[in-house]
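Everything on this sheet refers to the single structure shown next.
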Amino acid sequence: MTSPVLVFDLDGTLVETMGDLTASLNFALQGAGYNAIDPERVRTMVGHGARSLLQRGLAANGVEADAELIEPLYERLVEYYAANIAVQSHAFPGVIAALERFRDTGWKTAICTNKIEGLARPLIETLGMSHLFDAIVGGDTFEKPKPDAMPVLGAIEQAGGTAAGSVMVGDSQTDIDAARAAGIPVVAVTFGYTPVPVSELSPDRIISHFDDLWPAVESLRAAVAS
């Protein structure tokens, strides 16, 4: 019997990465003579990959960036981030226990992030969480990143599961749109990185702590069964 899959966003959902993301962005910006961005402002900029983050960081400096400007900054950001992958980053409270509970009851688990796979994997490895996931999909794993359905469905397939009964867990419009495109329900966390409160984005369920994920998913399954 093929299992359903819990598909998780990474930054702002599973792992608090804001400190390291901000440090990496500001390393790239300040090295090129631009102003640093405050972490609370960076929280509203992430979710579409490092190039988008740089574009928004430059916009905050009053600069309309093109690829020629962004690429060297991108290389600088990625190099710094790879060397400092988890200096401040850590799993959100309740994440490990929640993952273990779902896996112990037959669920598959996967990560679907717009962070490139070559950074997502070492982050999870450094945090000692690799054994908790059946698949890790990055923004460059497939032809299209979120909010397209392709990486979500690809993560489910790589995890050895089926889309039927699967659930997305994320923190932003990007995750909600990706889940909708993939035809699966979505649980949104309130503590992630988004310019708009998730309560305004109409996810199927909202949680404020990972202790609440089990009942949220169970209520979704009950709603489908009824």
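Identifiers in the structure tokens: chain A, B, ... in order shown; residue index from 1 per chain; ligand index from 1 in order shown.
Residues in contact range of segment 48-53 of chain A, defined as at most 9 Å between only C-alpha atoms, with sequence neighbours fewer than 3 positions away removed, read A:Leu25, A:Val42, A:Met45, A:Arg56, A:Gly57, A:Leu58, A:Ala67, A:Ile70, A:Glu71, A:Leu73, A:Tyr74, A:Leu77, A:Val78, A:Thr113, A:Asn114, A:Lys115, A:Ile116, A:Gly139, A:Pro145, A:Lys146, A:Pro147, A:Thr174.
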Contacts between segment 201-209 of chain A and segment 14-123 of chain A, please, where a residue of segment 14-123 of chain A counts if it comes within 9 Å (with only C-alpha atoms); show its shortest atom pair and distance in Å to one decimal, rows by chain and ascending number, as a Markdown table.
| residue | atom | partner | partner_atom | distance |
| --- | --- | --- | --- | --- |
| A:Phe92 | CA | A:His209 | CA | 8.4 |
| A:Pro93 | CA | A:His209 | CA | 7.1 |
| A:Gly94 | CA | A:His209 | CA | 7.0 |
| A:Val95 | CA | A:His209 | CA | 8.6 |
Could you pull out the residues in segment 78-194 of chain A that DSSP calls strand (DSSP E or B) from the backbone, as a PDB file with all heavy atoms, in the first residue's frame?
ATOM      1  N   HIS A  90      18.055  26.484  13.387  1.00  0.00           N
ATOM      2  CA  HIS A  90      17.638  25.369  14.228  1.00  0.00           C
ATOM      3  C   HIS A  90      16.199  25.007  13.912  1.00  0.00           C
ATOM      4  O   HIS A  90      15.425  25.844  13.415  1.00  0.00           O
ATOM      5  CB  HIS A  90      17.747  25.736  15.714  1.00  0.00           C
ATOM      6  CG  HIS A  90      16.978  26.963  16.082  1.00  0.00           C
ATOM      7  ND1 HIS A  90      15.632  26.944  16.400  1.00  0.00           N
ATOM      8  CD2 HIS A  90      17.344  28.276  16.146  1.00  0.00           C
ATOM      9  CE1 HIS A  90      15.222  28.177  16.659  1.00  0.00           C
ATOM     10  NE2 HIS A  90      16.240  29.012  16.507  1.00  0.00           N
ATOM     11  N   ALA A  91      15.819  23.760  14.181  1.00  0.00           N
ATOM     12  CA  ALA A  91      14.444  23.330  13.959  1.00  0.00           C
ATOM     13  C   ALA A  91      13.510  24.079  14.898  1.00  0.00           C
ATOM     14  O   ALA A  91      13.860  24.380  16.042  1.00  0.00           O
ATOM     15  CB  ALA A  91      14.320  21.835  14.185  1.00  0.00           C
ATOM     16  N   LYS A 108       4.973   9.010   4.951  1.00  0.00           N
ATOM     17  CA  LYS A 108       6.232   9.426   4.346  1.00  0.00           C
ATOM     18  C   LYS A 108       6.385  10.931   4.587  1.00  0.00           C
ATOM     19  O   LYS A 108       5.391  11.644   4.747  1.00  0.00           O
ATOM     20  CB  LYS A 108       6.232   9.150   2.842  1.00  0.00           C
ATOM     21  CG  LYS A 108       6.049   7.690   2.462  1.00  0.00           C
ATOM     22  CD  LYS A 108       7.301   6.895   2.719  1.00  0.00           C
ATOM     23  CE  LYS A 108       7.159   5.491   2.125  1.00  0.00           C
ATOM     24  NZ  LYS A 108       8.388   4.687   2.350  1.00  0.00           N
ATOM     25  N   THR A 109       7.607  11.399   4.599  1.00  0.00           N
ATOM     26  CA  THR A 109       7.844  12.830   4.783  1.00  0.00           C
ATOM     27  C   THR A 109       8.843  13.332   3.749  1.00  0.00           C
ATOM     28  O   THR A 109       9.804  12.633   3.413  1.00  0.00           O
ATOM     29  CB  THR A 109       8.375  13.135   6.196  1.00  0.00           C
ATOM     30  OG1 THR A 109       9.493  12.286   6.472  1.00  0.00           O
ATOM     31  CG2 THR A 109       7.307  12.911   7.253  1.00  0.00           C
ATOM     32  N   ALA A 110       8.608  14.540   3.256  1.00  0.00           N
ATOM     33  CA  ALA A 110       9.464  15.121   2.225  1.00  0.00           C
ATOM     34  C   ALA A 110       9.603  16.611   2.442  1.00  0.00           C
ATOM     35  O   ALA A 110       8.742  17.249   3.066  1.00  0.00           O
ATOM     36  CB  ALA A 110       8.889  14.851   0.835  1.00  0.00           C
ATOM     37  N   ILE A 111      10.677  17.160   1.920  1.00  0.00           N
ATOM     38  CA  ILE A 111      10.892  18.607   1.908  1.00  0.00           C
ATOM     39  C   ILE A 111      10.753  19.095   0.473  1.00  0.00           C
ATOM     40  O   ILE A 111      11.305  18.498  -0.457  1.00  0.00           O
ATOM     41  CB  ILE A 111      12.283  18.977   2.453  1.00  0.00           C
ATOM     42  CG1 ILE A 111      12.347  18.732   3.967  1.00  0.00           C
ATOM     43  CG2 ILE A 111      12.639  20.432   2.140  1.00  0.00           C
ATOM     44  CD1 ILE A 111      13.728  18.892   4.559  1.00  0.00           C
ATOM     45  N   CYS A 112      10.019  20.180   0.292  1.00  0.00           N
ATOM     46  CA  CYS A 112       9.913  20.845  -1.005  1.00  0.00           C
ATOM     47  C   CYS A 112      10.153  22.323  -0.764  1.00  0.00           C
ATOM     48  O   CYS A 112       9.282  23.033  -0.260  1.00  0.00           O
ATOM     49  CB  CYS A 112       8.549  20.608  -1.630  1.00  0.00           C
ATOM     50  SG  CYS A 112       8.352  21.373  -3.259  1.00  0.00           S
ATOM     51  N   ALA A 135      12.545  12.255   1.049  1.00  0.00           N
ATOM     52  CA  ALA A 135      12.941  12.990  -0.151  1.00  0.00           C
ATOM     53  C   ALA A 135      13.195  14.445   0.210  1.00  0.00           C
ATOM     54  O   ALA A 135      12.553  14.990   1.110  1.00  0.00           O
ATOM     55  CB  ALA A 135      11.849  12.902  -1.222  1.00  0.00           C
ATOM     56  N   ILE A 136      14.152  15.052  -0.498  1.00  0.00           N
ATOM     57  CA  ILE A 136      14.426  16.487  -0.362  1.00  0.00           C
ATOM     58  C   ILE A 136      14.490  17.085  -1.762  1.00  0.00           C
ATOM     59  O   ILE A 136      15.358  16.726  -2.564  1.00  0.00           O
ATOM     60  CB  ILE A 136      15.739  16.759   0.392  1.00  0.00           C
ATOM     61  CG1 ILE A 136      15.660  16.211   1.826  1.00  0.00           C
ATOM     62  CG2 ILE A 136      16.051  18.256   0.401  1.00  0.00           C
ATOM     63  CD1 ILE A 136      16.951  16.359   2.606  1.00  0.00           C
ATOM     64  N   VAL A 137      13.567  17.970  -2.052  1.00  0.00           N
ATOM     65  CA  VAL A 137      13.467  18.603  -3.364  1.00  0.00           C
ATOM     66  C   VAL A 137      13.740  20.090  -3.213  1.00  0.00           C
ATOM     67  O   VAL A 137      13.148  20.755  -2.352  1.00  0.00           O
ATOM     68  CB  VAL A 137      12.066  18.368  -3.968  1.00  0.00           C
ATOM     69  CG1 VAL A 137      11.832  19.281  -5.162  1.00  0.00           C
ATOM     70  CG2 VAL A 137      11.896  16.913  -4.369  1.00  0.00           C
ATOM     71  N   GLY A 161       5.509   7.918  -2.206  1.00  0.00           N
ATOM     72  CA  GLY A 161       4.125   8.029  -1.770  1.00  0.00           C
ATOM     73  C   GLY A 161       3.188   8.330  -2.913  1.00  0.00           C
ATOM     74  O   GLY A 161       3.552   8.290  -4.084  1.00  0.00           O
ATOM     75  N   THR A 162       1.969   8.668  -2.532  1.00  0.00           N
ATOM     76  CA  THR A 162       0.930   9.009  -3.493  1.00  0.00           C
ATOM     77  C   THR A 162       0.308  10.346  -3.120  1.00  0.00           C
ATOM     78  O   THR A 162       0.222  10.686  -1.934  1.00  0.00           O
ATOM     79  CB  THR A 162      -0.165   7.933  -3.532  1.00  0.00           C
ATOM     80  OG1 THR A 162      -1.197   8.340  -4.428  1.00  0.00           O
ATOM     81  CG2 THR A 162      -0.772   7.708  -2.149  1.00  0.00           C
ATOM     82  N   ALA A 163      -0.101  11.105  -4.122  1.00  0.00           N
ATOM     83  CA  ALA A 163      -0.694  12.415  -3.850  1.00  0.00           C
ATOM     84  C   ALA A 163      -2.005  12.286  -3.078  1.00  0.00           C
ATOM     85  O   ALA A 163      -2.346  13.163  -2.281  1.00  0.00           O
ATOM     86  CB  ALA A 163      -0.921  13.164  -5.159  1.00  0.00           C
ATOM     87  N   ALA A 164      -2.717  11.198  -3.291  1.00  0.00           N
ATOM     88  CA  ALA A 164      -3.981  10.988  -2.575  1.00  0.00           C
ATOM     89  C   ALA A 164      -3.722  10.889  -1.080  1.00  0.00           C
ATOM     90  O   ALA A 164      -2.965  10.023  -0.637  1.00  0.00           O
ATOM     91  CB  ALA A 164      -4.654   9.723  -3.082  1.00  0.00           C
ATOM     92  N   GLY A 165      -4.307  11.780  -0.316  1.00  0.00           N
ATOM     93  CA  GLY A 165      -4.114  11.783   1.124  1.00  0.00           C
ATOM     94  C   GLY A 165      -2.929  12.585   1.605  1.00  0.00           C
ATOM     95  O   GLY A 165      -2.757  12.783   2.808  1.00  0.00           O
ATOM     96  N   SER A 166      -2.086  13.070   0.684  1.00  0.00           N
ATOM     97  CA  SER A 166      -0.907  13.848   1.071  1.00  0.00           C
ATOM     98  C   SER A 166      -1.313  15.259   1.485  1.00  0.00           C
ATOM     99  O   SER A 166      -2.378  15.759   1.110  1.00  0.00           O
ATOM    100  CB  SER A 166       0.102  13.902  -0.076  1.00  0.00           C
ATOM    101  OG  SER A 166       0.665  12.626  -0.319  1.00  0.00           O
ATOM    102  N   VAL A 167      -0.440  15.900   2.253  1.00  0.00           N
ATOM    103  CA  VAL A 167      -0.711  17.236   2.797  1.00  0.00           C
ATOM    104  C   VAL A 167       0.553  18.076   2.701  1.00  0.00           C
ATOM    105  O   VAL A 167       1.654  17.592   2.981  1.00  0.00           O
ATOM    106  CB  VAL A 167      -1.165  17.164   4.269  1.00  0.00           C
ATOM    107  CG1 VAL A 167      -1.371  18.569   4.854  1.00  0.00           C
ATOM    108  CG2 VAL A 167      -2.449  16.339   4.410  1.00  0.00           C
ATOM    109  N   MET A 168       0.403  19.331   2.318  1.00  0.00           N
ATOM    110  CA  MET A 168       1.511  20.285   2.300  1.00  0.00           C
ATOM    111  C   MET A 168       1.509  21.074   3.597  1.00  0.00           C
ATOM    112  O   MET A 168       0.447  21.411   4.139  1.00  0.00           O
ATOM    113  CB  MET A 168       1.334  21.251   1.109  1.00  0.00           C
ATOM    114  CG  MET A 168       2.415  22.303   0.961  1.00  0.00           C
ATOM    115  SD  MET A 168       3.836  21.665   0.075  1.00  0.00           S
ATOM    116  CE  MET A 168       5.027  22.986   0.345  1.00  0.00           C
ATOM    117  N   VAL A 169       2.699  21.373   4.108  1.00  0.00           N
ATOM    118  CA  VAL A 169       2.854  22.220   5.288  1.00  0.00           C
ATOM    119  C   VAL A 169       3.812  23.340   4.925  1.00  0.00           C
ATOM    120  O   VAL A 169       4.961  23.086   4.544  1.00  0.00           O
ATOM    121  CB  VAL A 169       3.390  21.434   6.498  1.00  0.00           C
ATOM    122  CG1 VAL A 169       3.453  22.340   7.734  1.00  0.00           C
ATOM    123  CG2 VAL A 169       2.530  20.205   6.787  1.00  0.00           C
ATOM    124  N   GLY A 170       3.357  24.588   5.022  1.00  0.00           N
ATOM    125  CA  GLY A 170       4.202  25.707   4.626  1.00  0.00           C
ATOM    126  C   GLY A 170       3.891  26.969   5.395  1.00  0.00           C
ATOM    127  O   GLY A 170       3.118  26.948   6.359  1.00  0.00           O
ATOM    128  N   VAL A 186      -3.484  22.083   2.446  1.00  0.00           N
ATOM    129  CA  VAL A 186      -2.286  22.732   2.978  1.00  0.00           C
ATOM    130  C   VAL A 186      -2.536  23.251   4.385  1.00  0.00           C
ATOM    131  O   VAL A 186      -3.575  23.849   4.667  1.00  0.00           O
ATOM    132  CB  VAL A 186      -1.818  23.873   2.044  1.00  0.00           C
ATOM    133  CG1 VAL A 186      -2.911  24.888   1.809  1.00  0.00           C
ATOM    134  CG2 VAL A 186      -0.557  24.543   2.577  1.00  0.00           C
ATOM    135  N   VAL A 187      -1.571  22.983   5.260  1.00  0.00           N
ATOM    136  CA  VAL A 187      -1.543  23.518   6.619  1.00  0.00           C
ATOM    137  C   VAL A 187      -0.504  24.628   6.650  1.00  0.00           C
ATOM    138  O   VAL A 187       0.635  24.426   6.214  1.00  0.00           O
ATOM    139  CB  VAL A 187      -1.175  22.434   7.649  1.00  0.00           C
ATOM    140  CG1 VAL A 187      -1.081  23.038   9.053  1.00  0.00           C
ATOM    141  CG2 VAL A 187      -2.184  21.289   7.614  1.00  0.00           C
ATOM    142  N   ALA A 188      -0.870  25.798   7.151  1.00  0.00           N
ATOM    143  CA  ALA A 188       0.060  26.921   7.226  1.00  0.00           C
ATOM    144  C   ALA A 188       0.458  27.194   8.668  1.00  0.00           C
ATOM    145  O   ALA A 188      -0.375  27.127   9.573  1.00  0.00           O
ATOM    146  CB  ALA A 188      -0.564  28.172   6.625  1.00  0.00           C
ATOM    147  N   VAL A 189       1.742  27.497   8.871  1.00  0.00           N
ATOM    148  CA  VAL A 189       2.247  27.856  10.194  1.00  0.00           C
ATOM    149  C   VAL A 189       2.245  29.374  10.328  1.00  0.00           C
ATOM    150  O   VAL A 189       2.455  30.093   9.352  1.00  0.00           O
ATOM    151  CB  VAL A 189       3.663  27.295  10.435  1.00  0.00           C
ATOM    152  CG1 VAL A 189       3.669  25.780  10.287  1.00  0.00           C
ATOM    153  CG2 VAL A 189       4.689  27.919   9.485  1.00  0.00           C
TER     154      VAL A 189
END
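The coordinates place atom CA of His131 of chain A at 18.2 Å from atom CA of Asp11 of chain A.
The space separating atom CA of Leu54 of chain A from atom CA of Glu125 of chain A comes to 25.3 Å.
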May I ask which of the residues A:Ile156, A:Ile96, A:Ile85, A:Ile184 is the closest one to Thr17 of chain A, counting only C-alpha atoms?
-> A:Ile85
Leaving out Leu99 of chain A and any residue of its chain fewer than 3 positions from it, which residues lie within 10 Å of it when counting only C-alpha atoms, given as number ranges by chain?
-> A: 6, 14, 94-96, 102-104, 107-109, 129, 132-133, 210, 213-214
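Using only C-alpha atoms, the nearest neighbour of Pro215 of chain A within the list A:Ala98, A:Leu69, A:Val196, A:Leu10 is A:Ala98.
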Excluding same-chain residues fewer than 3 positions from Ala36 of chain A, what lies within 10 Å of it counting only C-alpha atoms, as a JSON list (two decimals) with all heavy atoms, in the first residue's frame?
[["chain", "number", "residue", "atom", "x", "y", "z"],
["A", 22, "THR", "N", 19.83, 36.17, 6.68],
["A", 22, "THR", "CA", 20.11, 37.60, 6.77],
["A", 22, "THR", "C", 21.61, 37.87, 6.71],
["A", 22, "THR", "O", 22.05, 38.79, 6.00],
["A", 22, "THR", "CB", 19.53, 38.18, 8.06],
["A", 22, "THR", "OG1", 18.12, 37.98, 8.07],
["A", 22, "THR", "CG2", 19.81, 39.67, 8.17],
["A", 23, "ALA", "N", 22.38, 37.08, 7.43],
["A", 23, "ALA", "CA", 23.83, 37.26, 7.43],
["A", 23, "ALA", "C", 24.40, 37.07, 6.03],
["A", 23, "ALA", "O", 25.29, 37.82, 5.59],
["A", 23, "ALA", "CB", 24.48, 36.28, 8.40],
["A", 25, "LEU", "N", 22.74, 37.33, 3.07],
["A", 25, "LEU", "CA", 22.29, 38.42, 2.19],
["A", 25, "LEU", "C", 23.12, 39.67, 2.44],
["A", 25, "LEU", "O", 23.60, 40.31, 1.49],
["A", 25, "LEU", "CB", 20.81, 38.71, 2.45],
["A", 25, "LEU", "CG", 20.24, 39.95, 1.76],
["A", 25, "LEU", "CD1", 20.29, 39.82, 0.25],
["A", 25, "LEU", "CD2", 18.81, 40.22, 2.24],
["A", 26, "ASN", "N", 23.31, 40.01, 3.69],
["A", 26, "ASN", "CA", 24.03, 41.25, 4.01],
["A", 26, "ASN", "C", 25.51, 41.13, 3.70],
["A", 26, "ASN", "O", 26.15, 42.14, 3.34],
["A", 26, "ASN", "CB", 23.80, 41.61, 5.48],
["A", 26, "ASN", "CG", 22.39, 42.14, 5.71],
["A", 26, "ASN", "OD1", 21.75, 42.64, 4.78],
["A", 26, "ASN", "ND2", 21.90, 42.05, 6.93],
["A", 27, "PHE", "N", 26.06, 39.95, 3.79],
["A", 27, "PHE", "CA", 27.46, 39.74, 3.38],
["A", 27, "PHE", "C", 27.62, 40.09, 1.90],
["A", 27, "PHE", "O", 28.58, 40.78, 1.51],
["A", 27, "PHE", "CB", 27.87, 38.29, 3.63],
["A", 27, "PHE", "CG", 29.27, 37.97, 3.21],
["A", 27, "PHE", "CD1", 30.35, 38.30, 4.02],
["A", 27, "PHE", "CD2", 29.52, 37.33, 1.99],
["A", 27, "PHE", "CE1", 31.66, 38.01, 3.62],
["A", 27, "PHE", "CE2", 30.82, 37.05, 1.59],
["A", 27, "PHE", "CZ", 31.89, 37.38, 2.41],
["A", 28, "ALA", "N", 26.67, 39.61, 1.09],
["A", 28, "ALA", "CA", 26.74, 39.89, -0.34],
["A", 28, "ALA", "C", 26.48, 41.36, -0.64],
["A", 28, "ALA", "O", 27.21, 41.98, -1.43],
["A", 28, "ALA", "CB", 25.72, 39.02, -1.08],
["A", 29, "LEU", "N", 25.47, 41.93, 0.00],
["A", 29, "LEU", "CA", 25.12, 43.33, -0.27],
["A", 29, "LEU", "C", 26.21, 44.29, 0.18],
["A", 29, "LEU", "O", 26.65, 45.17, -0.57],
["A", 29, "LEU", "CB", 23.81, 43.68, 0.41],
["A", 29, "LEU", "CG", 22.53, 43.05, -0.14],
["A", 29, "LEU", "CD1", 21.34, 43.43, 0.73],
["A", 29, "LEU", "CD2", 22.28, 43.49, -1.59],
["A", 30, "GLN", "N", 26.66, 44.12, 1.42],
["A", 30, "GLN", "CA", 27.66, 45.04, 1.97],
["A", 30, "GLN", "C", 28.99, 44.91, 1.25],
["A", 30, "GLN", "O", 29.72, 45.90, 1.11],
["A", 30, "GLN", "CB", 27.81, 44.82, 3.47],
["A", 30, "GLN", "CG", 26.58, 45.28, 4.25],
["A", 30, "GLN", "CD", 26.74, 45.06, 5.75],
["A", 30, "GLN", "OE1", 26.81, 43.93, 6.22],
["A", 30, "GLN", "NE2", 26.78, 46.16, 6.49],
["A", 31, "GLY", "N", 29.31, 43.71, 0.79],
["A", 31, "GLY", "CA", 30.55, 43.53, 0.06],
["A", 31, "GLY", "C", 30.56, 44.28, -1.26],
["A", 31, "GLY", "O", 31.62, 44.58, -1.81],
["A", 33, "GLY", "N", 28.95, 47.21, -1.49],
["A", 33, "GLY", "CA", 28.77, 48.61, -1.17],
["A", 33, "GLY", "C", 27.34, 49.04, -0.86],
["A", 33, "GLY", "O", 27.07, 50.24, -0.76],
["A", 39, "PRO", "N", 16.78, 42.07, 9.80],
["A", 39, "PRO", "CA", 16.20, 40.73, 9.75],
["A", 39, "PRO", "C", 14.68, 40.71, 9.62],
["A", 39, "PRO", "O", 14.12, 39.88, 8.89],
["A", 39, "PRO", "CB", 16.65, 40.10, 11.07],
["A", 39, "PRO", "CG", 17.91, 40.80, 11.41],
["A", 39, "PRO", "CD", 17.73, 42.21, 10.92],
["A", 57, "GLY", "N", 16.52, 42.66, -1.90],
["A", 57, "GLY", "CA", 17.49, 43.37, -1.08],
["A", 57, "GLY", "C", 18.04, 44.59, -1.80],
["A", 57, "GLY", "O", 18.24, 45.65, -1.19],
["A", 58, "LEU", "N", 18.27, 44.45, -3.10],
["A", 58, "LEU", "CA", 18.75, 45.58, -3.89],
["A", 58, "LEU", "C", 17.65, 46.62, -4.05],
["A", 58, "LEU", "O", 17.91, 47.83, -4.01],
["A", 58, "LEU", "CB", 19.21, 45.08, -5.26],
["A", 58, "LEU", "CG", 20.54, 44.31, -5.24],
["A", 58, "LEU", "CD1", 20.74, 43.56, -6.56],
["A", 58, "LEU", "CD2", 21.72, 45.25, -4.98],
["A", 60, "ALA", "N", 15.43, 47.30, -1.92],
["A", 60, "ALA", "CA", 15.39, 48.04, -0.65],
["A", 60, "ALA", "C", 16.49, 49.08, -0.58],
["A", 60, "ALA", "O", 16.41, 50.04, 0.19],
["A", 60, "ALA", "CB", 15.52, 47.06, 0.52],
["A", 61, "ASN", "N", 17.52, 48.90, -1.41],
["A", 61, "ASN", "CA", 18.60, 49.88, -1.52],
["A", 61, "ASN", "C", 18.35, 50.87, -2.67],
["A", 61, "ASN", "O", 19.24, 51.65, -3.03],
["A", 61, "ASN", "CB", 19.93, 49.16, -1.76],
["A", 61, "ASN", "CG", 20.60, 48.74, -0.47],
["A", 61, "ASN", "OD1", 21.37, 49.48, 0.12],
["A", 61, "ASN", "ND2", 20.31, 47.51, -0.02]]
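Between Pro195 of chain A and the candidates A:Arg180, A:Tyr80, A:Ser172, A:Gly128, the tightest atom-to-atom separation, counting only C-alpha atoms, involves A:Ser172.
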Rank nothing, just name the residue among A:Ala182, A:Arg43, A:Glu143, A:Gly160 nearest to Gly12 of chain A, using only C-alpha atoms.
-> A:Arg43
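Between atom CA of Ala178 of chain A and atom CA of Glu157 of chain A there is a distance of 15.4 Å.
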